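Peer 1: My file is upload-v2.csv. It has CSV, C-alpha atoms (C1' of nucleotides):
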chain,number,residue,atom,x,y,z
E,155,MET,CA,-92.8,-152.7,159.6
E,156,HIS,CA,-90.4,-155.1,161.3
E,157,ILE,CA,-86.9,-155.3,162.8
E,158,ASP,CA,-84.3,-157.0,160.7
E,159,PHE,CA,-82.6,-159.2,163.2
E,160,LEU,CA,-80.1,-160.3,160.6
E,161,GLN,CA,-78.4,-156.9,161.0
E,162,SER,CA,-75.5,-156.3,163.3
E,163,PRO,CA,-76.2,-155.8,167.0
E,164,VAL,CA,-75.3,-152.2,166.8
E,165,VAL,CA,-77.8,-151.5,164.0
E,166,VAL,CA,-80.5,-153.6,165.8
E,167,ALA,CA,-79.9,-151.9,169.1
E,168,ARG,CA,-80.3,-148.5,167.5
E,169,SER,CA,-83.4,-149.6,165.6
E,170,LEU,CA,-85.1,-151.0,168.6
E,171,ILE,CA,-85.5,-147.7,170.4
E,172,GLY,CA,-89.1,-146.7,170.3
E,173,TRP,CA,-90.5,-150.2,169.7
E,174,THR,CA,-93.0,-151.6,172.1
E,175,LEU,CA,-92.0,-154.9,173.8
E,176,LEU,CA,-94.6,-157.0,175.6
E,177,VAL,CA,-94.5,-160.3,177.4
E,178,ASN,CA,-97.9,-161.8,177.9
E,179,GLY,CA,-99.3,-158.3,177.2
E,180,VAL,CA,-97.2,-156.6,179.8
E,181,GLY,CA,-94.4,-154.2,179.0
E,182,GLY,CA,-93.7,-150.8,177.3
E,183,VAL,CA,-91.7,-148.8,174.9
E,184,ILE,CA,-88.0,-149.7,174.6
E,185,VAL,CA,-85.9,-146.6,175.6
E,186,GLU,CA,-82.5,-148.1,176.2
E,187,THR,CA,-80.4,-150.9,174.7
E,188,GLU,CA,-76.9,-152.2,174.4
E,189,ALA,CA,-75.1,-154.1,171.7
E,190,TYR,CA,-72.9,-157.2,172.3
E,191,ASP,CA,-71.0,-159.0,169.5
E,192,MET,CA,-68.8,-162.0,169.2
E,193,ASP,CA,-65.5,-160.2,168.9
E,194,ASP,CA,-66.3,-158.1,172.0
E,195,GLU,CA,-64.5,-158.9,175.2
E,196,ALA,CA,-67.5,-157.8,177.2
E,197,SER,CA,-69.8,-160.2,175.5
E,198,HIS,CA,-70.8,-163.6,176.9
E,199,SER,CA,-70.2,-165.0,173.4
E,200,PHE,CA,-66.6,-163.8,173.2
E,201,ARG,CA,-65.1,-167.1,174.3
E,202,GLY,CA,-67.4,-169.3,172.2
E,203,MET,CA,-70.6,-171.3,172.9
E,204,THR,CA,-71.3,-172.7,176.4
E,205,ALA,CA,-74.3,-174.1,178.1
E,206,ARG,CA,-75.3,-170.7,179.4
E,207,ASN,CA,-75.0,-168.6,176.2
E,208,ALA,CA,-76.2,-171.3,173.7
E,209,ALA,CA,-79.2,-169.2,172.9
E,210,MET,CA,-77.0,-166.4,171.8
E,211,PHE,CA,-75.7,-168.6,169.0
E,212,GLY,CA,-79.3,-169.6,168.0
E,213,GLU,CA,-81.6,-168.0,165.4
E,214,PRO,CA,-81.8,-164.2,165.1
E,215,GLY,CA,-85.1,-162.9,166.4
E,216,THR,CA,-85.1,-165.2,169.5
E,217,ALA,CA,-84.5,-164.4,173.2
E,218,TYR,CA,-81.4,-164.9,175.2
E,219,VAL,CA,-82.1,-164.9,179.0
E,220,TYR,CA,-79.3,-165.2,181.6
E,221,ARG,CA,-79.1,-164.9,185.4
E,222,SER,CA,-77.1,-161.9,186.5
E,223,TYR,CA,-75.3,-161.7,189.9
E,224,GLY,CA,-77.1,-164.7,191.0
E,225,LEU,CA,-80.4,-162.9,191.5
E,226,HIS,CA,-81.6,-161.0,188.5
E,227,TRP,CA,-82.7,-162.1,185.0
E,228,CYS,CA,-81.6,-160.1,181.9
E,229,LEU,CA,-83.3,-160.2,178.5
E,230,ASN,CA,-81.4,-160.1,175.2
E,231,LEU,CA,-82.7,-160.2,171.6
E,232,VAL,CA,-80.5,-162.4,169.5
E,233,CYS,CA,-79.4,-160.8,166.1
E,234,GLY,CA,-76.8,-161.0,163.4
E,235,PRO,CA,-76.4,-164.0,161.1
E,236,SER,CA,-77.4,-167.3,162.6
E,237,GLY,CA,-74.7,-168.6,164.9
E,238,HIS,CA,-73.0,-165.3,165.1
E,239,GLY,CA,-73.2,-164.9,168.8
E,240,ALA,CA,-74.6,-161.3,168.8
E,241,ALA,CA,-77.4,-159.9,170.9
E,242,VAL,CA,-79.0,-156.7,172.2
E,243,LEU,CA,-79.6,-156.2,175.9
E,244,VAL,CA,-82.9,-154.5,176.7
E,245,ARG,CA,-81.9,-152.1,179.5
E,246,ALA,CA,-85.0,-150.0,180.0
E,247,LEU,CA,-88.6,-149.5,179.0
E,248,GLU,CA,-91.2,-146.8,179.4
E,249,PRO,CA,-94.1,-148.7,181.1
E,250,THR,CA,-97.3,-148.6,179.0
E,251,ASN,CA,-99.1,-152.0,179.3
E,252,GLY,CA,-100.1,-153.9,182.4
E,253,ILE,CA,-98.7,-151.3,184.8
E,254,ASP,CA,-100.6,-152.8,187.8
E,255,THR,CA,-99.1,-156.2,187.1
E,256,MET,CA,-95.6,-154.7,186.9
E,257,GLN,CA,-96.2,-152.9,190.1
E,258,GLN,CA,-97.1,-156.1,191.8
E,259,ARG,CA,-94.2,-158.1,190.5
E,260,ARG,CA,-91.7,-155.3,191.3
E,261,GLY,CA,-93.2,-154.5,194.7
E,262,VAL,CA,-93.1,-150.8,194.0
E,263,GLN,CA,-95.5,-148.2,192.7
E,264,ALA,CA,-93.3,-145.5,191.1
E,265,LEU,CA,-93.3,-145.8,187.3
E,266,ARG,CA,-89.7,-144.6,187.4
E,267,LEU,CA,-88.6,-147.8,189.3
E,268,LEU,CA,-90.7,-150.3,187.3
E,269,THR,CA,-88.5,-150.9,184.2
E,270,THR,CA,-85.4,-148.8,184.5
E,271,GLY,CA,-82.6,-151.2,184.3
E,272,PRO,CA,-82.2,-154.7,182.8
E,273,GLY,CA,-82.9,-156.6,186.0
E,274,ARG,CA,-86.0,-154.5,186.6
E,275,VAL,CA,-87.3,-155.0,183.1
E,276,ALA,CA,-87.1,-158.8,183.4
E,277,GLN,CA,-88.8,-158.9,186.8
E,278,ALA,CA,-91.6,-156.5,185.7
E,279,LEU,CA,-92.3,-158.5,182.5
E,280,GLY,CA,-92.0,-161.9,184.2
E,281,VAL,CA,-89.0,-162.9,182.2
E,282,ASP,CA,-87.0,-165.9,183.3
E,283,ARG,CA,-85.0,-168.8,182.0
E,284,SER,CA,-88.1,-170.5,180.6
E,285,LEU,CA,-88.2,-167.9,177.8
E,286,ASP,CA,-84.6,-168.5,176.8
E,287,GLY,CA,-84.4,-169.3,173.1
E,288,LEU,CA,-88.0,-168.6,172.3
E,289,PRO,CA,-88.9,-166.6,169.1
E,290,LEU,CA,-89.8,-162.9,169.6
E,291,ASP,CA,-92.5,-162.7,166.9
E,292,ARG,CA,-95.1,-164.7,168.7
E,293,PRO,CA,-96.6,-165.2,172.2
E,294,PRO,CA,-95.6,-164.8,174.9
E,295,PHE,CA,-93.6,-162.1,173.1
E,296,ALA,CA,-94.9,-159.2,171.0
E,297,LEU,CA,-93.0,-156.5,169.3
E,298,SER,CA,-94.7,-153.5,167.7
E,299,PRO,CA,-93.2,-150.5,165.8
E,300,PRO,CA,-93.0,-146.9,167.1
E,301,GLY,CA,-95.8,-144.5,166.6
E,302,VAL,CA,-93.6,-141.6,165.8
E,303,ALA,CA,-89.9,-141.4,165.0
E,304,ARG,CA,-87.8,-140.5,168.0
E,305,ALA,CA,-84.2,-139.1,168.3
E,306,VAL,CA,-81.7,-141.6,169.6
E,307,SER,CA,-78.6,-140.8,171.8
E,308,ILE,CA,-75.5,-142.9,171.8
E,309,GLY,CA,-73.1,-143.6,174.7
E,310,VAL,CA,-70.9,-146.2,176.3
E,311,ARG,CA,-72.2,-149.3,177.9
E,312,VAL,CA,-73.0,-149.8,181.6
E,313,GLY,CA,-71.6,-152.2,184.2
E,314,ILE,CA,-68.7,-153.7,182.3
E,315,THR,CA,-65.0,-153.6,182.7
E,316,LYS,CA,-63.8,-154.9,179.3
E,317,ALA,CA,-64.2,-153.0,176.0
E,318,ALA,CA,-66.0,-150.4,178.1
E,319,ASP,CA,-65.2,-147.6,175.7
E,320,ARG,CA,-67.3,-148.9,172.8
E,321,PRO,CA,-70.2,-146.5,172.1
E,322,TRP,CA,-72.7,-149.3,171.9
E,323,ARG,CA,-75.4,-148.0,174.2
E,324,PHE,CA,-78.5,-146.5,172.7
E,325,ALA,CA,-81.3,-144.5,174.3
E,326,MET,CA,-84.3,-142.5,173.4
E,327,THR,CA,-83.2,-138.9,173.7
E,328,GLY,CA,-84.6,-137.1,176.7
E,329,SER,CA,-86.5,-140.2,178.1
E,330,ALA,CA,-87.2,-140.1,181.8
E,331,HIS,CA,-86.8,-143.9,182.1
E,332,LEU,CA,-83.1,-144.4,181.4
E,333,SER,CA,-81.1,-146.6,183.8
E,334,ARG,CA,-78.4,-143.9,183.8
E,335,LYS,CA,-78.2,-140.5,182.3
E,336,LEU,CA,-76.6,-140.5,178.8
D,106,DC,C1',-76.9,-135.3,195.9
D,107,DT,C1',-72.9,-139.3,195.6
D,108,DT,C1',-70.4,-143.4,196.8
D,109,DT,C1',-70.0,-147.9,199.0
D,110,DC,C1',-71.2,-152.4,199.9
D,111,DG,C1',-73.8,-156.8,200.7
D,112,DA,C1',-76.8,-160.2,198.6
D,113,DT,C1',-76.4,-164.5,196.0
D,114,DG,C1',-75.4,-168.3,192.8
D,115,DA,C1',-74.4,-169.9,188.3
D,116,DT,C1',-70.6,-170.0,185.4
D,117,DC,C1',-66.0,-170.4,183.9
D,118,DT,C1',-60.9,-170.8,184.9
C,103,DG,C1',-61.5,-169.6,193.6
C,104,DA,C1',-62.8,-165.4,191.0
C,105,DT,C1',-65.8,-163.1,188.3
C,106,DC,C1',-69.9,-161.1,187.1
C,107,DA,C1',-74.1,-157.0,180.9
C,108,DT,C1',-77.5,-155.7,188.9
C,109,DC,C1',-80.2,-153.7,192.6
C,110,DG,C1',-81.2,-151.5,196.8
C,111,DA,C1',-80.1,-150.0,201.2
C,112,DA,C1',-77.0,-147.5,203.9
C,113,DA,C1',-73.6,-144.2,204.8
C,114,DG,C1',-71.3,-140.0,203.7
C,115,DG,C1',-71.2,-134.7,202.0
Mind turning the file's structure into structure tokens?
Peer 2:
Amino acid sequence: MHIDFLQSPVVVARSLIGWTLLVNGVGGVIVETEAYDMDDEASHSFRGMTARNAAMFGEPGTAYVYRSYGLHWCLNLVCGPSGHGAAVLVRALEPTNGIDTMQQRRGVQALRLLTTGPGRVAQALGVDRSLDGLPLDRPPFALSPPGVARAVSIGVRVGITKAADRPWRFAMTGSAHLSRKL
DNA sequence: CTTTCGATGATCT
DNA sequence: GATCATCGAAAGG
């Protein structure tokens, strides 16, 4: 079983819910994602390729990492046809692997605060610019399929002002680890 | 419980 | 010079 990263970001974002994402063995189950596409005003790729978003136009199945608000990192999974400028933002995980490491990196104990939100996910998993453009199917990354099928809820994206009405946010129904209620 | 606001710096206009 | 795909602390109800 594998994710087909050639699919559209909406399809990939939906498919990723329930998969386990690890970086150097640390991480958890993906419970919240958002899709971003080229003809999407909210997307970094909307105005074409720049130095920052170059990885977004790279090979599907690679990482796009950017700095947010000058102090957080955010992790995206590039998808769509090569050079399409589409990606899925990983917004929240349910912590499962390397919890002690994540607690140290985050400086908090509560599982609830470890990986709920894109900035927190990146900090807990040790994601930074050095992973930008790297393939997701080999170390330090690891992606493994869900054990059991889970229901997925759909809503609008978070923290954007443009194209804010697109229902491009996906979450595991009933998860206690969402960045915001869906 | 909810809302507001400061931090902080790369990126783009 | 303005804008941010955020977080956390503080203030207000």
Peer 1: As an exercise, work out the distance from C1' of DG103 in chain C to C1' of DT118 in chain D in Å and give it to one decimal place.
Peer 2: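 Interatomic distance, C1' of DG103 in chain C to C1' of DT118 in chain D: 8.8 Å.
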Peer 1: Quick one: which residues from chain D are at most 9 Å off chain E, using all atoms listed in the file, as a PyMOL selection string?
Peer 2: chain D and resi 112-116
Peer 1: So what do you get for CA of Glu186 in chain E versus CA of Leu247 in chain E, distance-wise?
Peer 2: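 Here the two named atoms are 6.9 Å from each other.
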Peer 1: Hey, could you make a per-residue contact list for chain C against chain E with 9 Å as the cut-off, showing the nearest pair of atoms and its distance in Å to one decimal, counting only C-alpha atoms (C1' of nucleotides), sorted by chain and number, as JSON lines?
Peer 2:
{"residue": "C:DC106", "atom": "C1'", "partner": "E:Tyr223", "partner_atom": "CA", "distance": 6.1}
{"residue": "C:DA107", "atom": "C1'", "partner": "E:Gly313", "partner_atom": "CA", "distance": 6.3}
{"residue": "C:DT108", "atom": "C1'", "partner": "E:Gly273", "partner_atom": "CA", "distance": 6.2}
{"residue": "C:DC109", "atom": "C1'", "partner": "E:Gly273", "partner_atom": "CA", "distance": 7.7}
Peer 1: Give as JSON, numbers by chain every residue, naming chains and numbers as the document does, that has an atom within 9 Å of (-86.0, -166.9, 171.3), counting only C-alpha atoms (C1' of nucleotides).
Peer 2: {"E": [209, 212, 213, 214, 215, 216, 217, 218, 219, 231, 232, 285, 286, 287, 288, 289, 290, 291]}
Peer 1: Quick one: distance from CA of Ala296 in chain E to CA of Asn178 in chain E in Å, one decimal?
Peer 2: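 Spanning CA of Ala296 in chain E to CA of Asn178 in chain E is a straight-line distance of 8.0 Å.
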Peer 1: Using only C-alpha atoms (C1' of nucleotides), pick whichever of E:Arg201, E:Arg168, E:Arg266, E:Arg259 has the shortest atom-to-atom distance to DC117 in chain D.
Peer 2: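 The shortest atom-to-atom distance to DC117 in chain D comes from E:Arg201.
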Peer 1: May I have the protein, DNA and RNA residues with any atom at most 10 Å from the point (-67.0, -145.1, 198.0), counting all atoms listed in the file, written as a PyMOL selection string?
Peer 2: (chain D and resi 107-110) or (chain C and resi 113-114)
Peer 1: Residues at most 10 Å from range 302-306 of chain E, counting all atoms listed in the file, excluding those fewer than 6 positions away in the same chain, as a list in words?
Peer 2: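 Neighbouring residues, sequence-local ones excluded: Arg168, Ser169, Ile171, Gly172, Trp173, Val185, Glu186, Phe324, Ala325, Met326, Thr327, Gly328 and Ser329 of chain E.
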Peer 1: I need the residue nearest Gly237 in chain E from this list: E:Gly261, E:Gly202, E:Pro293, E:Pro321. Use only C-alpha atoms for the distance.
Peer 2: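 So, comparing all the options, the nearest one is E:Gly202.
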